Amino acid sequence: MRGHWAVVVATAAARRTLSDRAGLAVGTLFYLLVTGVISTVWRTAAGESDTGLVAGYSAAALGWYLAASEVTAVAINPRLIEAIGEDIAGGAVESEMLRPAPVVGVRLAAALGTALPRIACCAVGGSALALATAGSPPDAAGLALAAPALVLGVACNVATQHAAAAAAFWLRDAKSAWFLYQKFVFMLGGLLLPIEVLPGWLERVATLLPFAAMAYVPGRLASGHVEPGLLLVQVGWLAVMTALAALAFARGERRLQAVGA
Amino acid sequence: MTKAFPTGRGRARRMVEAVRDVSFTVAPGERVAYIGPNGAGKSTSIKVLTGILHATAGDVRVLGLVPWRQRRQLARRIGTLFGQRSQLWSELTPRQSYRMLASIHGLDPSRQDARLGELGELLDAAHLFDQPVRSMSLGQRMRCELAACMLHEPDVLFLDEPTIGLDLLAKQRFRQLLVRLNVESGTTTFLTSHDVADVEAVAERVVVMNHGRIIYDDAVAAMRRTLLATKLVEVRLAAPAGPLALEGVTVVEHDDTHARLVVDTGRRSVRDVLDTVLDGWPVADISVTDPPLEQVITEVYNAPDTPDTPDTPDTPDTPGDAAGSPAAAGPGPAAPAAAGPGHAAPVPEGTAT
């Protein structure tokens, strides 16, 4: 039976990641190191507060929160926007236009496929780390919901990066977009800290932006908050950002047809 | 077709024509070399023909489709091989990449397998299909790349510098494969290359671009004869011979055993030269050859530009005319024939739209 090209592309990309075992191992180790350090900082902060909580999160919850949220950043190429920008300016996207499938669709499928083995490795390693340093997961159901949330979070991240990187069709350089994007994910996406830690107004802003769907949602679920509705938020943002990326690439390709790379 | 790009900013902004009034038709199954010096407009033309760029003016049809408007439809029917870009993922085996490409092209698995069997045999590459691409030599990889772009049985194959970086033997083999593919599959081949040997070995027809225009379009074999009114006469001497002084003949080499003459056939006939040499010299062997194609092409590139040919807007714009042809590009209503740089630039019958 013939599989949809997106599935076949994602499978090939996953196979490519798995073929680079050393890269996969180094990436997982890097994730464990970063997560271990940040998690220790937050657990210490929780332990030293009067209530034993930081913005409503216990030390254990914070350990599981960070183990999940960090996966969504480490599982993909951290400089994906820059790489896409280089592909646009360097002519690689032109070659991809010679295929009978949407350029952005193939790219999204490949990026997600590339991330899947990394998500799996980091999730297993992160669970072991959290178990060892923070104890049992606060809620098994929340942890179970965190698994699809990780995949959706990475998918949102990949789609949003493609939408942002499409700026390179006009600017010839996506470095500035990458710099801005990175800061947004760090601060408003809940990557380094749950967004509840932010001042009230900023927290409200963060919940209105797609970045929270990337790192905050998986972290929130893994830290024992059984809120299945958050998965729907992710699906919504994924749809919006995929549509935006598709629109941006379609317009970018039309521009490329007019003025070249 | 004409393709212009904007350049500069603000008041200094202007349009620069990379390709100007280019007009030609390629017949099904033809092997055409599209050559020219750097910046001549070759890549721009190929990008327009494949739909990556749209023409600023004129009418372009490839397999009856307007490339930039029906890009994805066209992509199902053309294959592209750009020597400096890979379709194969280096970490995977070609077979794994083929599966992905075949699925993008909508080939079902049984057809994929059959096609890979055919291509493996045709390109003598079946044994490579299960090796990681990163462990292959460039020659092996290019054979696998060729299989990748032929997987969906394209009607037209666009090749941009396909032999770049290959060693001499690999180049020879690759050229033979291109010809074999064309002969056995009937795939129209449209090749650009800076390597004259590619043109000689692969193409039947050569289209020469310079400064965005076609300056020559004819059969490769005719190119030397038409463009250079010279012949090379190689003489092997049985014994030392005296000097030769003939109008229209330049002696470029002469020693005790060998002489090489260049004959300007406009001033003296080859027959005349042969008669004189055979009568006056102790000849052991003699041969007459055309000058190397490289020399011919250099002459064409270096020839001065002709003034712009005035447009003759008396030809109706008939986009359907070329629908059955693999590729046709024209300036729309105005279709000047390609003009040569001081040479007669033969345009084969039916070429200009």
# chains A, B, ... in the order shown; residues from 1 in each chain; ligands from 1
>>> interface_residues(of="chain B", to="chain A", cutoff="6 Å", atoms="only C-alpha atoms", output="ChimeraX atom specification")
/B:5,52-54,72,75-76,91,100,103-104,108
>>> residues_around(residues="Pro282 of chain B", least_positions_apart="5", cutoff="9 Å", atoms="only C-alpha atoms", output="JSON, numbers by chain")
{"B": [236, 237, 238, 239, 240, 241, 277]}
>>> residues_around(residues="segment 145-159 of chain B", least_positions_apart="2", cutoff="6 Å", atoms="only C-alpha atoms", output="PyMOL selection string")
chain B and resi 77-82+142-143+162+187-191
>>> residues_around(residues="Gln84 of chain B", least_positions_apart="5", cutoff="9 Å", atoms="only C-alpha atoms", output="list in words")
Asp160, Glu161, Pro162, Ile164 and Gly165 of chain B
>>> select_by_dssp(residues="segment 66-300 of chain B", states="alpha helix (DSSP H)", output="PyMOL selection string")
chain B and resi 71-75+94-104+109-122+138-150+168-185+196-202+220-227+270-280+293-300
>>> atom_distance(atom1="atom CA of Ala55 of chain A", atom2="atom CA of Arg43 of chain A")
12.2 Å
>>> decode(residues="segment 176-276 of chain B", atoms="C-alpha atoms", output="JSON list (two decimals), in the first residue's frame")
[["chain", "number", "residue", "atom", "x", "y", "z"],
["B", 176, "GLN", "CA", 27.62, 7.23, -22.10],
["B", 177, "LEU", "CA", 24.84, 6.64, -19.58],
["B", 178, "LEU", "CA", 23.12, 9.87, -20.57],
["B", 179, "VAL", "CA", 23.15, 8.86, -24.22],
["B", 180, "ARG", "CA", 21.98, 5.35, -23.38],
["B", 181, "LEU", "CA", 19.13, 6.74, -21.27],
["B", 182, "ASN", "CA", 18.07, 8.94, -24.14],
["B", 183, "VAL", "CA", 18.28, 6.18, -26.71],
["B", 184, "GLU", "CA", 16.54, 3.54, -24.63],
["B", 185, "SER", "CA", 13.95, 5.68, -22.87],
["B", 186, "GLY", "CA", 13.48, 8.39, -25.48],
["B", 187, "THR", "CA", 13.89, 11.01, -22.76],
["B", 188, "THR", "CA", 14.53, 14.47, -24.15],
["B", 189, "THR", "CA", 17.82, 15.69, -22.73],
["B", 190, "PHE", "CA", 18.58, 19.34, -22.10],
["B", 191, "LEU", "CA", 22.10, 19.80, -20.86],
["B", 192, "THR", "CA", 24.16, 22.74, -19.71],
["B", 193, "SER", "CA", 27.85, 22.32, -19.16],
["B", 194, "HIS", "CA", 31.12, 24.18, -19.32],
["B", 195, "ASP", "CA", 32.81, 20.95, -20.32],
["B", 196, "VAL", "CA", 33.03, 20.84, -24.09],
["B", 197, "ALA", "CA", 33.49, 17.08, -23.98],
["B", 198, "ASP", "CA", 30.01, 16.78, -22.44],
["B", 199, "VAL", "CA", 28.61, 18.65, -25.41],
["B", 200, "GLU", "CA", 30.51, 16.52, -27.92],
["B", 201, "ALA", "CA", 29.67, 13.21, -26.28],
["B", 202, "VAL", "CA", 26.07, 13.80, -25.31],
["B", 203, "ALA", "CA", 24.43, 16.43, -27.47],
["B", 204, "GLU", "CA", 23.17, 16.24, -31.02],
["B", 205, "ARG", "CA", 22.38, 19.93, -31.10],
["B", 206, "VAL", "CA", 23.99, 22.91, -29.46],
["B", 207, "VAL", "CA", 22.40, 26.19, -28.49],
["B", 208, "VAL", "CA", 24.92, 28.85, -27.55],
["B", 209, "MET", "CA", 23.95, 31.74, -25.30],
["B", 210, "ASN", "CA", 25.85, 34.92, -24.70],
["B", 211, "HIS", "CA", 24.79, 38.19, -23.11],
["B", 212, "GLY", "CA", 21.31, 36.76, -22.58],
["B", 213, "ARG", "CA", 20.68, 35.88, -26.23],
["B", 214, "ILE", "CA", 20.99, 32.85, -28.42],
["B", 215, "ILE", "CA", 23.92, 33.39, -30.73],
["B", 216, "TYR", "CA", 24.07, 29.98, -32.31],
["B", 217, "ASP", "CA", 21.73, 27.03, -32.70],
["B", 218, "ASP", "CA", 22.61, 24.04, -34.86],
["B", 219, "ALA", "CA", 23.77, 20.43, -34.87],
["B", 220, "VAL", "CA", 26.99, 19.85, -32.96],
["B", 221, "ALA", "CA", 28.61, 18.23, -35.99],
["B", 222, "ALA", "CA", 27.75, 21.22, -38.15],
["B", 223, "MET", "CA", 29.09, 23.70, -35.63],
["B", 224, "ARG", "CA", 32.73, 23.30, -36.47],
["B", 225, "ARG", "CA", 32.14, 23.30, -40.20],
["B", 226, "THR", "CA", 29.81, 26.28, -40.15],
["B", 227, "LEU", "CA", 31.58, 28.49, -37.73],
["B", 228, "LEU", "CA", 35.24, 27.98, -38.37],
["B", 229, "ALA", "CA", 36.38, 28.13, -41.91],
["B", 230, "THR", "CA", 39.48, 26.18, -40.96],
["B", 231, "LYS", "CA", 40.66, 22.58, -41.18],
["B", 232, "LEU", "CA", 43.55, 20.92, -39.47],
["B", 233, "VAL", "CA", 45.91, 18.91, -41.67],
["B", 234, "GLU", "CA", 48.18, 16.50, -39.80],
["B", 235, "VAL", "CA", 51.12, 15.12, -41.76],
["B", 236, "ARG", "CA", 53.47, 12.31, -40.72],
["B", 237, "LEU", "CA", 56.68, 12.59, -42.69],
["B", 238, "ALA", "CA", 58.72, 9.65, -44.01],
["B", 239, "ALA", "CA", 61.79, 11.94, -44.19],
["B", 240, "PRO", "CA", 62.62, 15.55, -43.34],
["B", 241, "ALA", "CA", 60.91, 18.03, -45.65],
["B", 242, "GLY", "CA", 61.53, 21.63, -46.61],
["B", 243, "PRO", "CA", 59.37, 24.60, -45.59],
["B", 244, "LEU", "CA", 55.90, 25.10, -47.00],
["B", 245, "ALA", "CA", 54.69, 28.55, -48.03],
["B", 246, "LEU", "CA", 51.10, 28.69, -49.21],
["B", 247, "GLU", "CA", 48.64, 31.52, -48.96],
["B", 248, "GLY", "CA", 45.83, 30.61, -46.55],
["B", 249, "VAL", "CA", 47.90, 27.95, -44.80],
["B", 250, "THR", "CA", 49.57, 28.40, -41.42],
["B", 251, "VAL", "CA", 52.22, 25.91, -40.44],
["B", 252, "VAL", "CA", 51.77, 25.60, -36.69],
["B", 253, "GLU", "CA", 54.23, 22.74, -36.17],
["B", 254, "HIS", "CA", 56.95, 21.33, -38.36],
["B", 255, "ASP", "CA", 59.85, 19.02, -37.48],
["B", 256, "ASP", "CA", 61.63, 16.13, -39.17],
["B", 257, "THR", "CA", 58.81, 13.66, -38.68],
["B", 258, "HIS", "CA", 55.66, 15.65, -38.34],
["B", 259, "ALA", "CA", 53.85, 18.78, -39.50],
["B", 260, "ARG", "CA", 50.56, 20.40, -38.54],
["B", 261, "LEU", "CA", 48.86, 22.90, -40.81],
["B", 262, "VAL", "CA", 45.83, 25.09, -40.34],
["B", 263, "VAL", "CA", 43.99, 25.75, -43.59],
["B", 264, "ASP", "CA", 41.76, 28.75, -44.01],
["B", 265, "THR", "CA", 39.24, 27.16, -46.34],
["B", 266, "GLY", "CA", 37.92, 30.56, -47.34],
["B", 267, "ARG", "CA", 41.23, 31.35, -48.98],
["B", 268, "ARG", "CA", 42.48, 27.98, -50.11],
["B", 269, "SER", "CA", 40.76, 24.66, -50.62],
["B", 270, "VAL", "CA", 41.83, 21.61, -48.63],
["B", 271, "ARG", "CA", 42.21, 19.71, -51.88],
["B", 272, "ASP", "CA", 44.76, 22.28, -53.04],
["B", 273, "VAL", "CA", 46.76, 21.91, -49.86],
["B", 274, "LEU", "CA", 46.68, 18.11, -50.00],
["B", 275, "ASP", "CA", 47.84, 18.14, -53.62],
["B", 276, "THR", "CA", 50.74, 20.46, -52.79]]
